[in-house]
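Source file: start_24.txt (compact mmCIF, C-alpha atoms)
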```
# COMPACT_ATOMS: atom_id res chain seq x y z
CA MET A 1 -23.55 -15.93 15.34
CA THR A 2 -21.34 -18.86 14.54
CA ALA A 3 -18.15 -18.29 12.61
CA PHE A 4 -17.77 -19.99 9.32
CA ILE A 5 -14.03 -20.03 9.14
CA ASP A 6 -11.36 -22.68 9.41
CA ASP A 7 -8.12 -22.70 11.38
CA ASP A 8 -6.04 -22.06 8.30
CA SER A 9 -7.90 -18.83 7.54
CA LEU A 10 -7.71 -17.87 11.21
CA ARG A 11 -3.92 -18.20 11.05
CA LYS A 12 -3.78 -16.13 7.89
CA ILE A 13 -5.86 -13.36 9.42
CA ALA A 14 -3.69 -13.32 12.53
CA ASN A 15 -0.62 -13.14 10.32
CA ILE A 16 -2.04 -10.12 8.49
CA VAL A 17 -2.77 -8.31 11.73
CA GLY A 18 0.36 -9.09 13.72
CA GLY A 19 2.65 -11.58 12.00
CA GLU A 20 3.97 -14.88 13.37
CA ASP A 21 3.54 -13.91 17.03
CA ALA A 22 -0.12 -13.04 16.46
CA ILE A 23 -0.67 -16.52 15.02
CA ARG A 24 0.71 -18.02 18.23
CA VAL A 25 -1.45 -15.75 20.39
CA VAL A 26 -4.60 -16.50 18.41
CA MET A 27 -4.03 -20.24 18.40
CA ALA A 28 -3.31 -20.17 22.14
CA LEU A 29 -6.58 -18.33 22.71
CA LYS A 30 -8.38 -20.79 20.48
CA ASP A 31 -7.07 -23.68 22.59
CA VAL A 32 -7.99 -22.29 25.99
CA GLY A 33 -11.07 -20.27 25.09
CA GLU A 34 -10.32 -17.42 27.49
CA ALA A 35 -7.01 -16.26 28.98
CA THR A 36 -5.26 -13.37 30.67
CA ASP A 37 -2.12 -11.73 29.24
CA ASP A 38 0.01 -13.77 31.65
CA GLN A 39 -1.60 -17.04 30.68
CA ILE A 40 -0.97 -16.30 27.01
CA LEU A 41 2.64 -15.45 27.86
CA MET A 42 3.00 -18.84 29.57
CA LYS A 43 1.54 -20.63 26.56
CA THR A 44 3.44 -18.77 23.84
CA SER A 45 6.67 -17.58 25.53
CA ILE A 46 6.22 -14.23 23.82
CA LYS A 47 7.28 -11.20 25.90
CA LEU A 48 4.42 -9.75 27.93
CA ASN A 49 4.66 -6.35 26.26
CA ASP A 50 4.50 -7.96 22.83
CA VAL A 51 1.56 -10.14 23.88
CA ARG A 52 -0.32 -7.02 24.95
CA LYS A 53 0.57 -5.15 21.76
CA ILE A 54 -0.69 -8.04 19.65
CA LEU A 55 -3.86 -8.40 21.71
CA PHE A 56 -4.68 -4.72 21.34
CA LYS A 57 -4.03 -4.92 17.60
CA LEU A 58 -6.38 -7.89 17.38
CA TYR A 59 -8.86 -5.99 19.54
CA ASP A 60 -8.72 -3.01 17.13
CA HIS A 61 -9.89 -5.37 14.39
CA SER A 62 -12.55 -6.93 16.68
CA ILE A 63 -10.87 -10.32 16.35
CA VAL A 64 -10.63 -10.65 20.12
CA GLN A 65 -12.73 -9.23 22.90
CA CYS A 66 -11.90 -8.73 26.55
CA ASP A 67 -13.52 -8.47 29.95
CA ARG A 68 -11.86 -6.16 32.46
CA ILE A 69 -12.01 -7.60 35.95
CA ARG A 70 -10.58 -5.85 39.01
CA ASP A 71 -8.41 -8.09 41.19
CA GLU A 72 -9.79 -7.81 44.73
CA LYS A 73 -6.38 -8.27 46.39
CA THR A 74 -4.22 -5.96 44.31
CA GLY A 75 -6.86 -3.63 42.91
CA TRP A 76 -5.33 -4.09 39.45
CA ILE A 77 -7.53 -4.52 36.45
CA ILE A 78 -6.95 -7.85 34.74
CA PHE A 79 -7.91 -8.35 31.10
CA HIS A 80 -9.52 -11.64 30.17
CA TRP A 81 -9.22 -12.19 26.43
CA ARG A 82 -11.08 -14.46 24.07
CA LEU A 83 -11.52 -14.83 20.34
CA GLN A 84 -14.53 -13.38 18.59
CA PRO A 85 -14.90 -15.89 15.78
CA ASP A 86 -18.18 -14.37 14.66
CA GLN A 87 -16.32 -11.17 13.71
CA LEU A 88 -13.87 -12.91 11.40
CA GLU A 89 -16.24 -13.08 8.46
CA GLY A 90 -16.74 -9.35 8.74
CA PHE A 91 -12.99 -8.80 8.93
CA ILE A 92 -12.39 -10.79 5.74
CA LYS A 93 -15.23 -9.10 3.88
CA ASN A 94 -14.14 -5.62 4.93
CA TYR A 95 -10.56 -6.35 3.97
CA LYS A 96 -11.61 -7.62 0.58
CA ARG A 97 -13.84 -4.57 0.04
CA LYS A 98 -11.01 -2.22 0.99
CA ILE A 99 -8.51 -3.96 -1.30
CA ARG A 100 -11.05 -4.09 -4.11
CA LYS A 101 -11.50 -0.32 -3.78
CA ILE A 102 -7.72 0.22 -3.91
CA LEU A 103 -7.37 -1.95 -7.01
CA GLU A 104 -10.31 -0.22 -8.69
CA THR A 105 -8.76 3.19 -8.03
CA ARG A 106 -5.49 1.96 -9.52
CA LEU A 107 -7.36 0.49 -12.49
CA ASP A 108 -9.03 3.85 -13.20
CA TYR A 109 -5.63 5.53 -13.03
CA GLU A 110 -4.04 3.02 -15.41
CA LYS A 111 -6.96 3.29 -17.84
CA GLY A 112 -7.04 7.06 -17.67
CA HIS A 113 -3.39 7.70 -18.46
CA ASP A 114 -0.79 6.97 -21.11
CA PHE A 115 2.63 6.21 -19.79
CA TYR A 116 6.11 6.86 -21.09
CA TYR A 117 9.29 5.20 -20.02
CA CYS A 118 13.01 5.27 -20.80
CA TYR A 119 13.23 1.50 -20.29
CA ASN A 120 16.03 1.93 -17.79
CA PRO A 121 15.19 -0.53 -14.97
CA THR A 122 16.17 1.96 -12.26
CA CYS A 123 13.87 4.70 -13.58
CA SER A 124 10.14 5.30 -13.28
CA ARG A 125 7.26 5.54 -15.66
CA VAL A 126 5.87 9.03 -16.24
CA THR A 127 2.43 9.99 -17.48
CA PHE A 128 1.96 11.55 -20.92
CA GLU A 129 1.26 14.94 -19.33
CA ASP A 130 4.53 14.83 -17.40
CA ALA A 131 6.40 13.50 -20.44
CA VAL A 132 5.28 16.54 -22.46
CA GLU A 133 6.60 18.87 -19.78
CA LEU A 134 9.86 16.92 -19.73
CA VAL A 135 10.10 17.14 -23.55
CA PHE A 136 10.05 13.32 -23.57
CA HIS A 137 13.28 12.91 -21.67
CA CYS A 138 13.58 10.89 -18.49
CA PRO A 139 13.91 13.18 -15.46
CA ASN A 140 16.30 10.68 -13.90
CA CYS A 141 18.69 9.51 -16.66
CA SER A 142 17.78 11.99 -19.46
CA ASN A 143 17.31 9.19 -21.99
CA PRO A 144 14.42 9.60 -24.45
CA LEU A 145 11.02 8.46 -23.20
CA LYS A 146 9.10 5.92 -25.25
CA TYR A 147 5.49 4.77 -25.03
CA PHE A 148 4.87 2.15 -22.32
CA ASP A 149 2.05 -0.30 -22.97
CA ASN A 150 0.18 -0.86 -19.69
CA SER A 151 -2.52 -3.12 -21.17
CA LYS A 152 -1.23 -6.14 -19.23
CA ILE A 153 -1.41 -4.18 -15.97
CA VAL A 154 -5.00 -3.19 -16.81
CA GLU A 155 -5.80 -6.81 -17.60
CA VAL A 156 -4.39 -8.06 -14.28
CA LEU A 157 -6.28 -5.40 -12.32
CA GLU A 158 -9.57 -6.09 -14.10
CA LYS A 159 -9.22 -9.80 -13.44
CA LYS A 160 -8.51 -9.27 -9.75
CA VAL A 161 -11.35 -6.78 -9.28
CA ASN A 162 -13.77 -9.19 -10.99
CA GLN A 163 -12.55 -12.06 -8.83
CA LEU A 164 -13.13 -10.04 -5.66
CA ASP A 165 -16.55 -8.92 -6.91
CA ASN A 166 -17.55 -12.55 -7.43
CA GLU A 167 -16.25 -13.63 -4.05
CA LEU A 168 -18.00 -10.79 -2.24
CA LYS A 169 -21.23 -11.62 -4.08
CA GLU A 170 -21.02 -15.29 -3.08
CA GLU A 171 -20.19 -14.55 0.53
CA MET B 1 -18.28 -25.38 31.20
CA PRO B 2 -17.95 -24.37 27.54
CA ARG B 3 -20.32 -21.70 26.25
CA ARG B 4 -23.00 -22.98 23.88
CA ASN B 5 -21.62 -20.74 21.14
CA ASP B 6 -18.16 -22.28 21.61
CA LEU B 7 -19.67 -25.73 21.21
CA GLU B 8 -21.41 -24.61 18.04
CA ASN B 9 -18.14 -23.29 16.69
CA ARG B 10 -16.31 -26.48 17.53
CA ALA B 11 -19.09 -28.54 15.98
CA LEU B 12 -18.93 -26.48 12.80
CA GLN B 13 -15.16 -26.80 12.63
CA ILE B 14 -15.48 -30.58 12.93
CA VAL B 15 -18.16 -30.80 10.23
CA MET B 16 -16.11 -28.49 7.99
CA GLY B 17 -13.08 -30.72 8.52
CA LYS B 18 -15.00 -33.76 7.24
CA GLY B 19 -15.68 -32.09 3.88
CA SER B 20 -17.90 -33.91 1.40
CA GLU B 21 -17.76 -37.14 3.44
CA GLY B 22 -19.72 -35.53 6.28
CA ILE B 23 -20.01 -36.86 9.81
CA LEU B 24 -22.67 -38.81 11.67
CA GLN B 25 -24.45 -36.72 14.28
CA SER B 26 -23.70 -39.41 16.87
CA ASP B 27 -19.97 -39.24 16.07
CA LEU B 28 -20.07 -35.46 16.28
CA TRP B 29 -21.33 -35.27 19.82
CA ARG B 30 -18.81 -37.91 20.86
CA GLU B 31 -16.01 -35.78 19.37
CA LEU B 32 -17.44 -32.76 21.16
CA LYS B 33 -17.56 -34.71 24.41
CA ALA B 34 -21.16 -33.56 24.70
CA ASN B 35 -24.26 -35.65 25.36
CA SER B 36 -26.63 -36.74 22.60
CA ARG B 37 -29.21 -34.11 23.56
CA ASP B 38 -26.70 -31.26 23.24
CA GLY B 39 -25.28 -32.82 20.07
CA SER B 40 -28.63 -32.92 18.32
CA ARG B 41 -29.56 -29.43 19.53
CA ILE B 42 -26.33 -28.01 18.20
CA SER B 43 -26.61 -29.69 14.83
CA LEU B 44 -30.22 -28.53 14.55
CA LYS B 45 -29.12 -24.97 15.34
CA LEU B 46 -26.41 -25.11 12.69
CA GLU B 47 -28.97 -26.36 10.19
CA VAL B 48 -31.37 -23.55 11.05
CA LYS B 49 -28.51 -21.10 10.52
CA ASN B 50 -28.08 -22.63 7.08
CA LEU B 51 -24.49 -23.62 7.82
CA ILE B 52 -24.93 -27.39 7.52
CA LYS B 53 -27.42 -29.83 6.03
CA ARG B 54 -28.59 -33.06 7.71
CA GLU B 55 -29.39 -36.19 5.80
CA LYS B 56 -31.15 -39.12 7.49
CA GLU B 57 -29.04 -42.27 7.63
CA MET B 58 -29.31 -45.69 9.25
CA SER B 59 -26.29 -46.51 11.40
CA ASN B 60 -25.99 -49.66 13.55
CA GLY B 61 -29.71 -50.23 13.20
CA ARG B 62 -30.65 -46.75 14.42
CA TRP B 63 -31.69 -43.67 12.51
CA THR B 64 -29.33 -40.76 12.83
CA TYR B 65 -28.26 -37.89 10.62
CA ARG B 66 -25.16 -37.36 8.54
CA LEU B 67 -24.06 -33.74 8.67
CA PHE B 68 -22.54 -31.95 5.71
CA VAL B 69 -21.14 -28.47 5.50
CA LYS B 70 -23.40 -26.29 3.35
CA ARG B 71 -21.23 -23.30 2.53
CA HIS B 72 -17.56 -23.19 1.76
CA PRO B 73 -15.48 -21.51 4.45
CA LEU B 74 -14.63 -17.87 3.81
CA GLU B 75 -11.36 -17.69 1.94
CA ILE B 76 -8.82 -14.94 2.23
CA ASP B 77 -6.32 -16.46 -0.19
CA SER B 78 -7.40 -14.32 -3.13
CA VAL B 79 -5.95 -11.18 -1.54
CA LEU B 80 -2.95 -12.63 0.28
CA ASP B 81 -0.54 -12.00 -2.59
CA ILE B 82 -1.50 -8.33 -2.84
CA PRO B 83 0.99 -6.10 -1.00
CA CYS B 84 -1.85 -3.99 0.45
CA VAL B 85 -2.65 -6.86 2.83
CA THR B 86 0.43 -6.22 4.95
CA CYS B 87 0.78 -2.51 4.18
CA PRO B 88 0.68 -0.37 7.34
CA ASP B 89 -0.68 2.54 5.26
CA ILE B 90 -3.84 0.72 4.19
CA PRO B 91 -6.18 2.74 6.48
CA LYS B 92 -5.13 6.00 4.80
CA CYS B 93 -4.80 4.64 1.24
CA GLU B 94 -7.38 6.23 -1.06
CA ALA B 95 -7.66 8.25 -4.24
CA GLY B 96 -6.21 11.69 -3.58
CA GLY B 97 -5.29 10.67 -0.06
CA GLU B 98 -2.03 10.90 1.85
CA VAL B 99 -1.19 7.51 0.33
CA SER B 100 -2.67 6.87 -3.09
CA PRO B 101 -3.27 3.54 -4.86
CA ALA B 102 -2.46 5.31 -8.14
CA LEU B 103 1.13 6.05 -7.17
CA CYS B 104 1.88 3.25 -4.73
CA GLU B 105 5.31 1.82 -5.45
CA ASN B 106 4.61 -1.55 -3.80
CA LEU B 107 1.45 -2.00 -5.84
CA THR B 108 3.36 -1.19 -9.02
CA HIS B 109 6.03 -3.75 -8.22
CA TRP B 110 3.39 -6.38 -7.59
CA LEU B 111 1.51 -5.57 -10.81
CA LEU B 112 4.68 -5.64 -12.86
CA SER B 113 5.70 -8.95 -11.34
CA LEU B 114 2.44 -10.40 -12.67
CA THR B 115 2.75 -8.98 -16.17
CA ASP B 116 6.15 -10.39 -17.19
CA THR B 117 7.06 -7.01 -18.58
CA GLU B 118 10.70 -6.95 -19.47
CA LYS B 119 12.73 -4.03 -18.18
CA SER B 120 9.86 -2.99 -15.96
CA PRO B 121 9.82 0.52 -14.63
CA LYS B 122 10.62 1.04 -10.98
CA VAL B 123 7.49 2.90 -9.90
CA ALA B 124 4.27 4.39 -11.23
```

Target format structure tokens, applied to this file:
Amino acid sequence: MTAFIDDDSLRKIANIVGGEDAIRVVMALKDVGEATDDQILMKTSIKLNDVRKILFKLYDHSIVQCDRIRDEKTGWIIFHWRLQPDQLEGFIKNYKRKIRKILETRLDYEKGHDFYYCYNPTCSRVTFEDAVELVFHCPNCSNPLKYFDNSKIVEVLEKKVNQLDNELKEE
Amino acid sequence: MPRRNDLENRALQIVMGKGSEGILQSDLWRELKANSRDGSRISLKLEVKNLIKREKEMSNGRWTYRLFVKRHPLEIDSVLDIPCVTCPDIPKCEAGGEVSPALCENLTHWLLSLTDTEKSPKVA
């Protein structure tokens, strides 16, 4: 399968998985096609241990694949790494699905509860049920708790969930 | 020698890069440093996979095809601002789980930053 993804998205995915260094590793692999840990080290100047950590992280997400080849002289196994561009679409879709699920769970929670708040910026919201038990006093600063309108939060979550639904449908 | 799949990927990247202007098939295989036979095979394959469309065009007195990208590249931008993207707890984040979206402090901060709520509460 051929990947339908541009370099910019590839960089963003690498950044999600392993930060700036992962971007350098991925772009190095993209340039050479296939490389060993040492060759990537030479191209990126990232410490060998860190190169390996990043590669295994990318491997966990199926963004790279490797062939293990035994060196005839030393007997050591050498990993030959290359990108798996055809897996990137799947990575993006799965990530979007996972985040959509998280946002939907949060949306249900926001819709299903009333919140009370002392309006002290260092304190937290509490649910109505907790507020009753606390006799409507903040457990942190003891100030009276007042109703907190979360309709804007609900609105933001609904918008984001809908956006992700549409994108997943199109893709 | 590059794998055929690599060539396809490179070809697709080039066509994607040309956007709505498209690229002549003959220019594509030159950019790929492939021969015309490989170039036309690759573009045909991409068309069969529904990734590009080919439109016949006369260029320098010869018929060739102009290649256009058919789908928009997959975008990840819509989720990049959400803190979950870089959260190390994302694999165990679920309702009633060890980490819960309902009570996640980072998610709350992000939501409140989008709602312009004055004197926003610290956490859920």

With all atoms listed in the file counted and 6 Å as the cut-off, give the residues of chain A in contact with chain B, each with its shortest interatomic distance in Å and the pair that gives it, as a tab-separated table.
```
residue	atom	partner	partner_atom	distance
A:Thr2	CA	B:Asn9	CA	5.9
A:Phe4	CA	B:Pro73	CA	5.6
A:Ile5	CA	B:Pro73	CA	5.1
A:Ile16	CA	B:Thr86	CA	5.8
A:Ile102	CA	B:Pro101	CA	5.6
A:Arg106	CA	B:Ala102	CA	4.7
A:Tyr109	CA	B:Ala102	CA	5.8
A:Tyr119	CA	B:Lys119	CA	5.9
A:Pro121	CA	B:Lys119	CA	5.3
A:Thr122	CA	B:Lys122	CA	5.8
A:Cys123	CA	B:Lys122	CA	5.5
A:Ser124	CA	B:Lys122	CA	4.9
A:Arg125	CA	B:Ala124	CA	5.5
A:Lys152	CA	B:Thr115	CA	5.8
```

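A straight line drawn from atom CA of A:Val51 to atom CA of A:Ile69 is 18.3 Å long.
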
Exercise. Please identify all polymer residues within 8 Å of stretch 59-66 of chain B, counting only C-alpha atoms, omitting same-chain residues fewer than 6 positions from it, and present them as a ChimeraX atom specification.
Key: /B:22-26

Self-check item: Distance query A:Gly18 at most 9 Å, only C-alpha atoms, self and fewer than 2 positions along chain excluded, as a ChimeraX atom specification
Solution: /A:13-16,20-23,53-54,57-58

Quiz prompt | Spatial neighbours of A:Thr36, 8 Å, all atoms listed in the file, chain gap at least 3 places, as a VMD selection string | solution = chain A and resid 39 to 40 78 to 81

Output C-alpha atoms of each residue in that selection to a file, as a compact mmCIF listing (two decimals), in the coordinates of the input.
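Output file result.txt is given in full below:
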```
# COMPACT_ATOMS: atom_id res chain seq x y z
CA GLN A 39 -1.60 -17.04 30.68
CA ILE A 40 -0.97 -16.30 27.01
CA ILE A 78 -6.95 -7.85 34.74
CA PHE A 79 -7.91 -8.35 31.10
CA HIS A 80 -9.52 -11.64 30.17
CA TRP A 81 -9.22 -12.19 26.43
```
